[in-house]
file input_28.tsv (TSV, C-alpha atoms)
chain	number	residue	atom	x	y	z
A	1	MET	CA	-23.78	12.98	14.82
A	2	ALA	CA	-21.62	11.59	17.59
A	3	ASN	CA	-20.86	13.64	20.67
A	4	SER	CA	-17.28	14.10	19.49
A	5	ASP	CA	-18.52	15.85	16.33
A	6	LEU	CA	-19.81	18.72	18.49
A	7	ALA	CA	-16.25	20.03	18.16
A	8	LYS	CA	-17.74	22.04	15.28
A	9	LEU	CA	-20.09	23.80	17.71
A	10	THR	CA	-19.49	26.67	20.18
A	11	VAL	CA	-21.95	27.66	22.90
A	12	ILE	CA	-22.45	31.40	23.46
A	13	VAL	CA	-24.31	32.79	26.46
A	14	ARG	CA	-24.60	36.16	28.17
A	15	THR	CA	-24.68	36.39	31.97
A	16	PHE	CA	-25.72	39.35	34.08
A	17	GLU	CA	-25.27	39.01	37.85
A	18	ARG	CA	-26.93	35.59	38.16
A	19	PRO	CA	-24.18	33.31	39.45
A	20	LYS	CA	-26.59	30.54	40.47
A	21	ALA	CA	-28.23	30.46	37.02
A	22	ILE	CA	-25.03	30.46	34.96
A	23	GLY	CA	-23.50	27.90	37.33
A	24	ARG	CA	-26.45	25.57	36.80
A	25	LEU	CA	-26.23	25.91	33.01
A	26	LEU	CA	-22.47	25.32	32.85
A	27	LYS	CA	-22.78	22.30	35.14
A	28	SER	CA	-25.43	20.78	32.86
A	29	LEU	CA	-23.25	21.37	29.78
A	30	ARG	CA	-20.29	19.64	31.46
A	31	ARG	CA	-22.52	16.73	32.46
A	32	TYR	CA	-24.06	16.01	29.05
A	33	HIS	CA	-21.43	17.46	26.69
A	34	PRO	CA	-18.03	17.57	28.40
A	35	GLY	CA	-15.46	19.32	26.27
A	36	LEU	CA	-18.00	21.40	24.34
A	37	ARG	CA	-16.44	24.84	23.88
A	38	THR	CA	-18.42	27.50	25.74
A	39	LEU	CA	-18.01	31.29	25.65
A	40	VAL	CA	-19.63	33.52	28.27
A	41	ALA	CA	-20.02	37.31	28.03
A	42	ASP	CA	-20.43	39.07	31.39
A	43	ASP	CA	-21.71	42.67	31.51
A	44	GLY	CA	-22.68	42.71	35.18
A	45	VAL	CA	-21.63	45.50	37.51
A	46	GLU	CA	-19.58	42.88	39.34
A	47	ALA	CA	-17.96	39.99	37.49
A	48	THR	CA	-19.51	36.55	37.95
A	49	PRO	CA	-16.95	33.74	38.39
A	50	CYS	CA	-17.39	31.13	35.62
A	51	LYS	CA	-15.11	28.11	35.91
A	52	HIS	CA	-13.81	25.98	33.03
A	53	VAL	CA	-15.04	28.37	30.28
A	54	GLU	CA	-13.68	31.36	28.40
A	55	THR	CA	-15.24	34.56	29.74
A	56	VAL	CA	-15.41	37.91	27.95
A	57	ARG	CA	-15.79	40.86	30.30
A	58	LEU	CA	-17.79	43.79	28.86
A	59	PRO	CA	-18.61	47.20	30.35
A	60	SER	CA	-21.58	46.94	32.72
A	61	GLU	CA	-25.11	46.81	31.31
A	62	LYS	CA	-24.15	46.67	27.64
A	63	GLY	CA	-27.11	44.38	26.98
A	64	GLN	CA	-27.83	41.02	25.42
A	65	ALA	CA	-27.19	42.09	21.82
A	66	ALA	CA	-23.74	43.57	22.47
A	67	CYS	CA	-22.74	40.50	24.49
A	68	LEU	CA	-23.81	38.07	21.77
A	69	ASN	CA	-21.96	40.12	19.12
A	70	ALA	CA	-18.79	40.09	21.23
A	71	LEU	CA	-19.03	36.32	21.52
A	72	LEU	CA	-19.90	35.80	17.85
A	73	ALA	CA	-16.68	37.62	16.93
A	74	ARG	CA	-14.74	35.00	18.93
A	75	VAL	CA	-16.45	31.91	17.50
A	76	ARG	CA	-14.00	29.80	15.48
A	77	THR	CA	-16.35	26.93	14.62
A	78	PRO	CA	-18.79	26.63	11.68
A	79	TYR	CA	-21.79	26.58	14.02
A	80	PHE	CA	-22.75	28.11	17.35
A	81	LEU	CA	-25.47	27.51	19.93
A	82	VAL	CA	-27.29	30.40	21.62
A	83	LEU	CA	-28.50	29.78	25.17
A	84	SER	CA	-30.02	31.89	27.93
A	85	GLU	CA	-28.23	31.87	31.29
A	86	ASN	CA	-31.48	30.60	32.87
A	87	ALA	CA	-31.42	27.50	30.67
A	88	GLU	CA	-30.44	23.97	31.65
A	89	ILE	CA	-29.39	21.18	29.30
A	90	HIS	CA	-30.91	17.73	29.94
A	91	HIS	CA	-31.12	14.32	28.26
A	92	ASP	CA	-33.69	15.47	25.64
A	93	SER	CA	-31.91	18.66	24.53
A	94	GLN	CA	-30.56	16.85	21.43
A	95	LEU	CA	-27.80	19.29	20.52
A	96	GLU	CA	-26.48	16.75	18.01
A	97	SER	CA	-29.84	16.69	16.20
A	98	LEU	CA	-29.98	20.48	15.93
A	99	THR	CA	-26.38	20.66	14.73
A	100	ASN	CA	-27.07	17.98	12.13
A	101	LEU	CA	-29.90	20.02	10.60
A	102	VAL	CA	-27.48	22.91	10.04
A	103	ALA	CA	-24.44	20.80	9.12
A	104	ASN	CA	-26.46	18.91	6.49
A	105	ASP	CA	-27.54	22.25	4.94
A	106	GLN	CA	-31.23	21.71	5.69
A	107	LEU	CA	-31.44	24.87	7.79
A	108	ASP	CA	-29.32	27.89	8.65
A	109	ILE	CA	-30.86	28.22	12.13
A	110	ALA	CA	-32.31	25.19	13.94
A	111	GLY	CA	-34.01	25.57	17.31
A	112	GLY	CA	-35.92	23.57	19.86
A	113	ASN	CA	-38.74	23.97	22.35
A	114	VAL	CA	-38.49	25.67	25.74
A	115	VAL	CA	-39.96	24.11	28.88
A	116	ALA	CA	-40.55	26.62	31.69
A	117	CYS	CA	-39.50	25.26	35.10
A	118	ARG	CA	-40.52	26.61	38.48
A	119	ARG	CA	-39.60	25.12	41.82
A	120	ARG	CA	-42.52	24.45	44.14
A	121	LEU	CA	-41.94	23.70	47.83
A	122	TRP	CA	-38.64	21.86	48.38
A	123	PHE	CA	-38.34	19.17	45.73
A	124	PHE	CA	-41.36	19.49	43.44
A	125	VAL	CA	-40.75	21.25	40.11
A	126	SER	CA	-43.53	22.25	37.74
A	127	ARG	CA	-42.68	22.12	34.03
A	128	GLN	CA	-44.75	23.59	31.23
A	129	ALA	CA	-43.98	23.79	27.51
A	130	GLN	CA	-43.78	27.35	26.18
A	131	GLY	CA	-44.81	28.24	22.61
A	132	LYS	CA	-41.96	30.66	21.91
A	133	HIS	CA	-41.53	29.94	18.19
A	134	GLY	CA	-43.64	31.58	15.52
A	135	LEU	CA	-44.21	33.06	12.09
A	136	LEU	CA	-43.87	36.56	10.65
A	137	GLU	CA	-47.00	37.83	8.94
A	138	ILE	CA	-46.08	41.05	7.11
A	139	ALA	CA	-48.78	43.27	5.62
A	140	GLY	CA	-47.47	46.57	4.31
A	141	ASP	CA	-45.78	48.33	7.23
A	142	ARG	CA	-47.41	46.11	9.85
A	143	LEU	CA	-45.98	42.94	11.35
A	144	LYS	CA	-47.89	40.29	13.29
A	145	LEU	CA	-46.13	37.44	15.07
A	146	LEU	CA	-48.17	34.24	14.98
A	147	PRO	CA	-47.48	31.28	17.29
A	148	GLY	CA	-46.70	27.99	15.60
A	149	SER	CA	-44.99	26.74	12.44
A	150	ARG	CA	-45.65	26.84	8.71
A	151	SER	CA	-45.17	23.31	7.35
A	152	GLN	CA	-43.14	20.19	7.98
A	153	GLY	CA	-39.69	19.66	6.54
A	154	ASN	CA	-37.46	16.60	6.77
A	155	GLY	CA	-37.22	16.17	10.55
A	156	PHE	CA	-38.24	19.71	11.45
A	157	TRP	CA	-40.97	22.33	11.08
A	158	TRP	CA	-40.47	25.56	9.13
A	159	CYS	CA	-40.90	28.78	11.15
A	160	ASP	CA	-39.50	32.33	11.30
A	161	LEU	CA	-38.92	33.06	14.97
A	162	LEU	CA	-37.24	31.05	17.75
A	163	PRO	CA	-36.44	31.51	21.46
A	164	ALA	CA	-32.86	31.67	22.78
A	165	PHE	CA	-32.18	27.97	22.11
A	166	PHE	CA	-30.90	27.47	18.59
A	167	VAL	CA	-27.91	26.33	16.56
A	168	ALA	CA	-26.91	28.69	13.75
A	169	ARG	CA	-24.47	28.79	10.89
A	170	THR	CA	-21.72	31.19	11.94
A	171	ASP	CA	-21.02	32.69	8.52
A	172	ARG	CA	-24.68	33.39	7.74
A	173	VAL	CA	-25.32	35.23	11.01
A	174	ARG	CA	-22.11	37.24	10.62
A	175	ALA	CA	-23.11	38.16	7.07
A	176	MET	CA	-26.42	39.60	8.29
A	177	GLY	CA	-24.64	41.67	10.96
A	178	GLY	CA	-25.46	39.71	14.11
A	179	TRP	CA	-27.65	41.47	16.68
A	180	ASP	CA	-28.41	45.19	16.86
A	181	PRO	CA	-26.64	46.49	20.02
A	182	GLU	CA	-28.87	49.57	20.17
A	183	LEU	CA	-31.81	47.30	21.02
A	184	ARG	CA	-29.97	45.85	24.05
A	185	ASP	CA	-32.16	43.10	25.58
A	186	ASP	CA	-35.08	43.52	23.14
A	187	CYS	CA	-33.36	42.36	19.96
A	188	GLN	CA	-35.03	39.00	19.24
A	189	GLU	CA	-37.83	40.10	16.89
A	190	GLU	CA	-35.62	42.47	14.88
A	191	PHE	CA	-32.92	39.78	14.59
A	192	PHE	CA	-35.30	37.21	13.09
A	193	PHE	CA	-37.04	39.82	10.91
A	194	ARG	CA	-33.64	40.70	9.43
A	195	ALA	CA	-32.79	37.00	9.07
A	196	HIS	CA	-36.03	36.58	7.12
A	197	ARG	CA	-35.04	39.45	4.82
A	198	HIS	CA	-31.64	37.82	4.26
A	199	GLY	CA	-33.23	34.53	3.21
A	200	ILE	CA	-31.96	32.62	6.24
A	201	ARG	CA	-33.76	29.30	6.67
A	202	VAL	CA	-35.22	28.84	10.16
A	203	GLY	CA	-36.80	25.71	11.57
A	204	LEU	CA	-37.90	23.98	14.76
A	205	GLN	CA	-36.98	20.46	15.90
A	206	PRO	CA	-39.87	19.80	18.35
A	207	ALA	CA	-38.19	16.84	20.07
A	208	ALA	CA	-35.23	18.99	21.16
A	209	THR	CA	-36.08	20.72	24.45
A	210	ILE	CA	-34.37	22.82	27.06
A	211	TRP	CA	-35.40	23.65	30.60
A	212	GLN	CA	-35.77	27.37	31.30
A	213	TRP	CA	-35.88	28.26	35.00
A	214	GLN	CA	-38.31	31.05	35.77
A	215	GLU	CA	-37.18	34.02	37.82
A	216	PRO	CA	-38.86	37.28	38.87
A	217	ALA	CA	-39.17	39.77	36.01
A	218	THR	CA	-36.18	42.10	35.73
A	219	GLN	CA	-37.60	44.62	33.25
A	220	PRO	CA	-36.92	48.23	34.31
A	221	ALA	CA	-39.64	50.09	36.12
A	222	ASP	CA	-39.56	52.96	33.62
A	223	ASP	CA	-40.70	52.87	30.00
A	224	SER	CA	-37.29	52.06	28.49
A	225	HIS	CA	-38.42	48.52	27.61
A	226	GLN	CA	-41.36	49.87	25.61
A	227	ARG	CA	-39.14	52.45	23.92
A	228	LEU	CA	-36.68	49.78	22.83
A	229	LEU	CA	-39.47	47.63	21.41
A	230	ALA	CA	-40.76	50.63	19.46
A	231	LEU	CA	-37.22	51.37	18.27
A	232	GLY	CA	-36.92	47.79	17.05
A	233	VAL	CA	-40.14	48.16	15.07
A	234	ALA	CA	-38.84	51.39	13.55
A	235	LYS	CA	-35.56	49.72	12.59
A	236	MET	CA	-37.56	47.09	10.70
A	237	GLY	CA	-39.10	49.91	8.67
A	238	LEU	CA	-42.56	49.23	10.12
A	239	SER	CA	-45.22	51.30	11.84
A	240	GLU	CA	-46.43	48.63	14.27
A	241	MET	CA	-45.92	45.08	15.49
A	242	THR	CA	-48.15	42.63	17.34
A	243	ASP	CA	-46.01	40.25	19.40
A	244	LEU	CA	-46.64	36.59	20.24
A	245	GLU	CA	-48.64	37.59	23.34
A	246	GLY	CA	-50.92	39.81	21.27
A	247	ARG	CA	-49.45	43.09	22.52
A	248	LEU	CA	-49.39	45.94	20.02
A	249	ILE	CA	-46.21	48.03	19.75
A	250	ARG	CA	-46.50	51.18	17.67
A	251	VAL	CA	-43.79	53.53	16.49
A	252	PRO	CA	-44.47	57.13	17.61
A	253	ARG	CA	-45.30	59.47	14.74
A	254	LEU	CA	-42.27	61.67	15.44
A	255	ALA	CA	-39.96	58.64	15.25
A	256	ARG	CA	-41.49	57.65	11.92
A	257	ALA	CA	-41.04	61.15	10.56
A	258	ALA	CA	-37.39	61.16	11.63
call {"tool": "encode", "arguments": {"input": "input_28.tsv", "output": "structure tokens"}}
result
Amino acid sequence: MANSDLAKLTVIVRTFERPKAIGRLLKSLRRYHPGLRTLVADDGVEATPCKHVETVRLPSEKGQAACLNALLARVRTPYFLVLSENAEIHHDSQLESLTNLVANDQLDIAGGNVVACRRRLWFFVSRQAQGKHGLLEIAGDRLKLLPGSRSQGNGFWWCDLLPAFFVARTDRVRAMGGWDPELRDDCQEEFFFRAHRHGIRVGLQPAATIWQWQEPATQPADDSHQRLLALGVAKMGLSEMTDLEGRLIRVPRLARAA
């Protein structure tokens, strides 16, 4: 697929009070894919200036899911690309390859690998591949996320779960309802679990990579993160989930009874 054929693709990304991060991402998109339509949803307390892109301003702290849904509603192309604001496109990101897998009806969602980047000293940058894709192992009302892929397809590997670097078919994601806004920033597992239930084909193109710049954790100090994870498990109709890091999230008995 030539670069000009990316006219069928729209980038969607949520930003939350990280002007340096979103600026770096947008600069990399302009460098490697000038003209690629990009939509940014901003739910920060103060708006972040984003030049040369269409920005959707949401009420503050609406969360990742609500932002992605707002952008999905504005997509007018057959395919869209989800990116994190901490990401950076480079010469091996291969957006054309990912789009081809979806455009040729091999997959409904095609993702790539994430390389974690951290700046050391002034100029040295450490880069380490992150295993953020995985499989869903469902046993009764229990779900276990397993790192890795299932089997090899034609130019990709079958899997069930991807990080925030994937091209998706717009109509299929709309048909499954997008992301659950009640889960805010903890919507990834529930999104791919629901995609699995809807028969959406998910795969990984290992050669496609994106740089993900590491920043200090921004999870709230209280237990709201854990509550949202448990809520996500409950919304899947499960009693417990083991995530890719081996952490067990259980639904409280009262929540299950409700």
call {"tool": "closest_atom_pairs", "arguments": {"input": "input_28.tsv", "of": "region 51-145 of chain A", "to": "region 179-200 of chain A", "cutoff": "10 Å", "atoms": "all atoms listed in the file", "output": "CSV"}}
result
residue,atom,partner,partner_atom,distance
A:Glu61,CA,A:Arg184,CA,8.8
A:Lys62,CA,A:Arg184,CA,6.9
A:Gly63,CA,A:Arg184,CA,4.4
A:Gln64,CA,A:Asp185,CA,4.8
A:Ala65,CA,A:Pro181,CA,4.8
A:Ala66,CA,A:Pro181,CA,4.8
A:Cys67,CA,A:Pro181,CA,8.4
A:Leu68,CA,A:Trp179,CA,7.2
A:Asn69,CA,A:Trp179,CA,6.3
A:Leu72,CA,A:Trp179,CA,9.7
A:Leu107,CA,A:Ile200,CA,7.9
A:Asp108,CA,A:Ile200,CA,5.9
A:Ile109,CA,A:Ile200,CA,7.4
A:Leu135,CA,A:Phe192,CA,9.9
A:Leu136,CA,A:Phe193,CA,7.6
A:Ile138,CA,A:Phe193,CA,9.9
A:Leu143,CA,A:Phe193,CA,9.5
A:Leu145,CA,A:Glu189,CA,8.9
call {"tool": "residues_around", "arguments": {"input": "input_28.tsv", "residues": "Gly23 (chain A)", "least_positions_apart": "3", "cutoff": "9 Å", "atoms": "only C-alpha atoms", "output": "JSON list (two decimals) with C-alpha atoms, keeping the file's coordinate frame"}}
result
[["chain", "number", "residue", "atom", "x", "y", "z"],
["A", 18, "ARG", "CA", -26.93, 35.59, 38.16],
["A", 19, "PRO", "CA", -24.18, 33.31, 39.45],
["A", 20, "LYS", "CA", -26.59, 30.54, 40.47],
["A", 26, "LEU", "CA", -22.47, 25.32, 32.85],
["A", 27, "LYS", "CA", -22.78, 22.30, 35.14],
["A", 28, "SER", "CA", -25.43, 20.78, 32.86],
["A", 49, "PRO", "CA", -16.95, 33.74, 38.39],
["A", 50, "CYS", "CA", -17.39, 31.13, 35.62],
["A", 51, "LYS", "CA", -15.11, 28.11, 35.91],
["A", 85, "GLU", "CA", -28.23, 31.87, 31.29]]
call {"tool": "closest_residue", "arguments": {"input": "input_28.tsv", "among": "A:Phe16, A:Tyr79, A:Trp213, A:Tyr32", "to": "Arg118 (chain A)", "atoms": "only C-alpha atoms"}}
result
A:Trp213
call {"tool": "closest_residue", "arguments": {"input": "input_28.tsv", "among": "A:Val251, A:Ala129, A:Leu146, A:Leu228", "to": "Pro206 (chain A)", "atoms": "all atoms listed in the file"}}
result
A:Ala129
call {"tool": "axis_aligned_box", "arguments": {"input": "input_28.tsv", "around": "region 161-166 of chain A", "padding_each_side": "4 Å", "output": "JSON"}}
result
{"center_x": -34.9, "center_y": 30.3, "center_z": 18.9, "size_x": 16.0, "size_y": 13.6, "size_z": 15.8}
call {"tool": "closest_residue", "arguments": {"input": "input_28.tsv", "among": "A:Phe80, A:Leu161, A:Val56, A:Ser97", "to": "Thr10 (chain A)", "atoms": "all atoms listed in the file"}}
result
A:Phe80
call {"tool": "closest_residue", "arguments": {"input": "input_28.tsv", "among": "A:Val233, A:Leu6, A:Ile22, A:Ala70", "to": "Arg37 (chain A)", "atoms": "all atoms listed in the file"}}
result
A:Leu6
call {"tool": "residues_near_point", "arguments": {"input": "input_28.tsv", "point": "(-36.6, 27.5, 35.2)", "cutoff": "9 Å", "atoms": "only C-alpha atoms", "output": "count of residues only"}}
result
15
call {"tool": "closest_residue", "arguments": {"input": "input_28.tsv", "among": "A:Thr77, A:Asp141, A:Ile210, A:Val102", "to": "Gly237 (chain A)", "atoms": "only C-alpha atoms"}}
result
A:Asp141
call {"tool": "atom_distance", "arguments": {"input": "input_28.tsv", "atom1": "CA of Asp160 (chain A)", "atom2": "CA of Arg24 (chain A)"}}
result
29.4 Å
call {"tool": "closest_residue", "arguments": {"input": "input_28.tsv", "among": "A:Ala103, A:Leu238, A:Leu36, A:Leu25", "to": "Thr170 (chain A)", "atoms": "all atoms listed in the file"}}
result
A:Ala103
call {"tool": "build_atoms", "arguments": {"input": "input_28.tsv", "residues": "region 102-123 of chain A", "atoms": "N, CA, C and O atoms", "output": "PDB file, in the coordinates of the input"}}
result
ATOM      1  N   VAL A 102     -28.259  21.810  10.630  1.00  0.00           N
ATOM      2  CA  VAL A 102     -27.480  22.910  10.040  1.00  0.00           C
ATOM      3  C   VAL A 102     -26.302  22.363   9.250  1.00  0.00           C
ATOM      4  O   VAL A 102     -26.024  22.817   8.137  1.00  0.00           O
ATOM      5  N   ALA A 103     -25.616  21.359   9.800  1.00  0.00           N
ATOM      6  CA  ALA A 103     -24.440  20.800   9.120  1.00  0.00           C
ATOM      7  C   ALA A 103     -24.806  20.140   7.800  1.00  0.00           C
ATOM      8  O   ALA A 103     -24.018  20.161   6.846  1.00  0.00           O
ATOM      9  N   ASN A 104     -26.013  19.570   7.724  1.00  0.00           N
ATOM     10  CA  ASN A 104     -26.460  18.910   6.490  1.00  0.00           C
ATOM     11  C   ASN A 104     -27.110  19.886   5.513  1.00  0.00           C
ATOM     12  O   ASN A 104     -27.700  19.457   4.512  1.00  0.00           O
ATOM     13  N   ASP A 105     -27.035  21.182   5.810  1.00  0.00           N
ATOM     14  CA  ASP A 105     -27.540  22.250   4.940  1.00  0.00           C
ATOM     15  C   ASP A 105     -29.052  22.184   4.743  1.00  0.00           C
ATOM     16  O   ASP A 105     -29.571  22.614   3.715  1.00  0.00           O
ATOM     17  N   GLN A 106     -29.773  21.664   5.747  1.00  0.00           N
ATOM     18  CA  GLN A 106     -31.230  21.710   5.690  1.00  0.00           C
ATOM     19  C   GLN A 106     -31.768  23.044   6.209  1.00  0.00           C
ATOM     20  O   GLN A 106     -32.787  23.540   5.735  1.00  0.00           O
ATOM     21  N   LEU A 107     -31.061  23.594   7.188  1.00  0.00           N
ATOM     22  CA  LEU A 107     -31.440  24.870   7.790  1.00  0.00           C
ATOM     23  C   LEU A 107     -30.194  25.699   8.044  1.00  0.00           C
ATOM     24  O   LEU A 107     -29.079  25.166   8.118  1.00  0.00           O
ATOM     25  N   ASP A 108     -30.391  27.014   8.202  1.00  0.00           N
ATOM     26  CA  ASP A 108     -29.320  27.890   8.650  1.00  0.00           C
ATOM     27  C   ASP A 108     -29.409  28.146  10.157  1.00  0.00           C
ATOM     28  O   ASP A 108     -28.401  28.398  10.815  1.00  0.00           O
ATOM     29  N   ILE A 109     -30.617  28.094  10.693  1.00  0.00           N
ATOM     30  CA  ILE A 109     -30.860  28.220  12.130  1.00  0.00           C
ATOM     31  C   ILE A 109     -31.856  27.143  12.535  1.00  0.00           C
ATOM     32  O   ILE A 109     -32.965  27.093  12.003  1.00  0.00           O
ATOM     33  N   ALA A 110     -31.454  26.281  13.472  1.00  0.00           N
ATOM     34  CA  ALA A 110     -32.310  25.190  13.940  1.00  0.00           C
ATOM     35  C   ALA A 110     -32.486  25.301  15.449  1.00  0.00           C
ATOM     36  O   ALA A 110     -31.498  25.311  16.187  1.00  0.00           O
ATOM     37  N   GLY A 111     -33.733  25.404  15.895  1.00  0.00           N
ATOM     38  CA  GLY A 111     -34.010  25.570  17.310  1.00  0.00           C
ATOM     39  C   GLY A 111     -34.900  24.487  17.868  1.00  0.00           C
ATOM     40  O   GLY A 111     -35.431  23.643  17.127  1.00  0.00           O
ATOM     41  N   GLY A 112     -35.069  24.531  19.183  1.00  0.00           N
ATOM     42  CA  GLY A 112     -35.920  23.570  19.860  1.00  0.00           C
ATOM     43  C   GLY A 112     -36.948  24.256  20.733  1.00  0.00           C
ATOM     44  O   GLY A 112     -37.062  25.481  20.744  1.00  0.00           O
ATOM     45  N   ASN A 113     -37.701  23.451  21.477  1.00  0.00           N
ATOM     46  CA  ASN A 113     -38.740  23.970  22.350  1.00  0.00           C
ATOM     47  C   ASN A 113     -38.195  24.305  23.732  1.00  0.00           C
ATOM     48  O   ASN A 113     -37.210  23.720  24.191  1.00  0.00           O
ATOM     49  N   VAL A 114     -38.862  25.241  24.393  1.00  0.00           N
ATOM     50  CA  VAL A 114     -38.490  25.670  25.740  1.00  0.00           C
ATOM     51  C   VAL A 114     -39.544  25.173  26.720  1.00  0.00           C
ATOM     52  O   VAL A 114     -40.748  25.323  26.486  1.00  0.00           O
ATOM     53  N   VAL A 115     -39.080  24.566  27.812  1.00  0.00           N
ATOM     54  CA  VAL A 115     -39.960  24.110  28.880  1.00  0.00           C
ATOM     55  C   VAL A 115     -39.694  24.966  30.116  1.00  0.00           C
ATOM     56  O   VAL A 115     -38.585  24.952  30.662  1.00  0.00           O
ATOM     57  N   ALA A 116     -40.693  25.740  30.530  1.00  0.00           N
ATOM     58  CA  ALA A 116     -40.550  26.620  31.690  1.00  0.00           C
ATOM     59  C   ALA A 116     -40.579  25.784  32.963  1.00  0.00           C
ATOM     60  O   ALA A 116     -41.468  24.953  33.153  1.00  0.00           O
ATOM     61  N   CYS A 117     -39.606  26.005  33.839  1.00  0.00           N
ATOM     62  CA  CYS A 117     -39.500  25.260  35.100  1.00  0.00           C
ATOM     63  C   CYS A 117     -39.611  26.221  36.274  1.00  0.00           C
ATOM     64  O   CYS A 117     -38.993  27.296  36.268  1.00  0.00           O
ATOM     65  N   ARG A 118     -40.385  25.829  37.256  1.00  0.00           N
ATOM     66  CA  ARG A 118     -40.520  26.610  38.480  1.00  0.00           C
ATOM     67  C   ARG A 118     -40.534  25.676  39.674  1.00  0.00           C
ATOM     68  O   ARG A 118     -41.277  24.701  39.695  1.00  0.00           O
ATOM     69  N   ARG A 119     -39.692  25.981  40.647  1.00  0.00           N
ATOM     70  CA  ARG A 119     -39.600  25.120  41.820  1.00  0.00           C
ATOM     71  C   ARG A 119     -40.751  25.399  42.779  1.00  0.00           C
ATOM     72  O   ARG A 119     -41.021  26.553  43.114  1.00  0.00           O
ATOM     73  N   ARG A 120     -41.427  24.361  43.186  1.00  0.00           N
ATOM     74  CA  ARG A 120     -42.520  24.450  44.140  1.00  0.00           C
ATOM     75  C   ARG A 120     -42.123  23.690  45.414  1.00  0.00           C
ATOM     76  O   ARG A 120     -41.668  22.557  45.341  1.00  0.00           O
ATOM     77  N   LEU A 121     -42.326  24.304  46.560  1.00  0.00           N
ATOM     78  CA  LEU A 121     -41.940  23.700  47.830  1.00  0.00           C
ATOM     79  C   LEU A 121     -40.452  23.350  47.791  1.00  0.00           C
ATOM     80  O   LEU A 121     -39.650  24.099  47.238  1.00  0.00           O
ATOM     81  N   TRP A 122     -40.065  22.174  48.323  1.00  0.00           N
ATOM     82  CA  TRP A 122     -38.640  21.860  48.380  1.00  0.00           C
ATOM     83  C   TRP A 122     -38.145  21.097  47.160  1.00  0.00           C
ATOM     84  O   TRP A 122     -37.142  21.453  46.560  1.00  0.00           O
ATOM     85  N   PHE A 123     -38.855  20.049  46.773  1.00  0.00           N
ATOM     86  CA  PHE A 123     -38.340  19.170  45.730  1.00  0.00           C
ATOM     87  C   PHE A 123     -39.212  19.146  44.471  1.00  0.00           C
ATOM     88  O   PHE A 123     -38.752  18.720  43.420  1.00  0.00           O
TER      89      PHE A 123
END
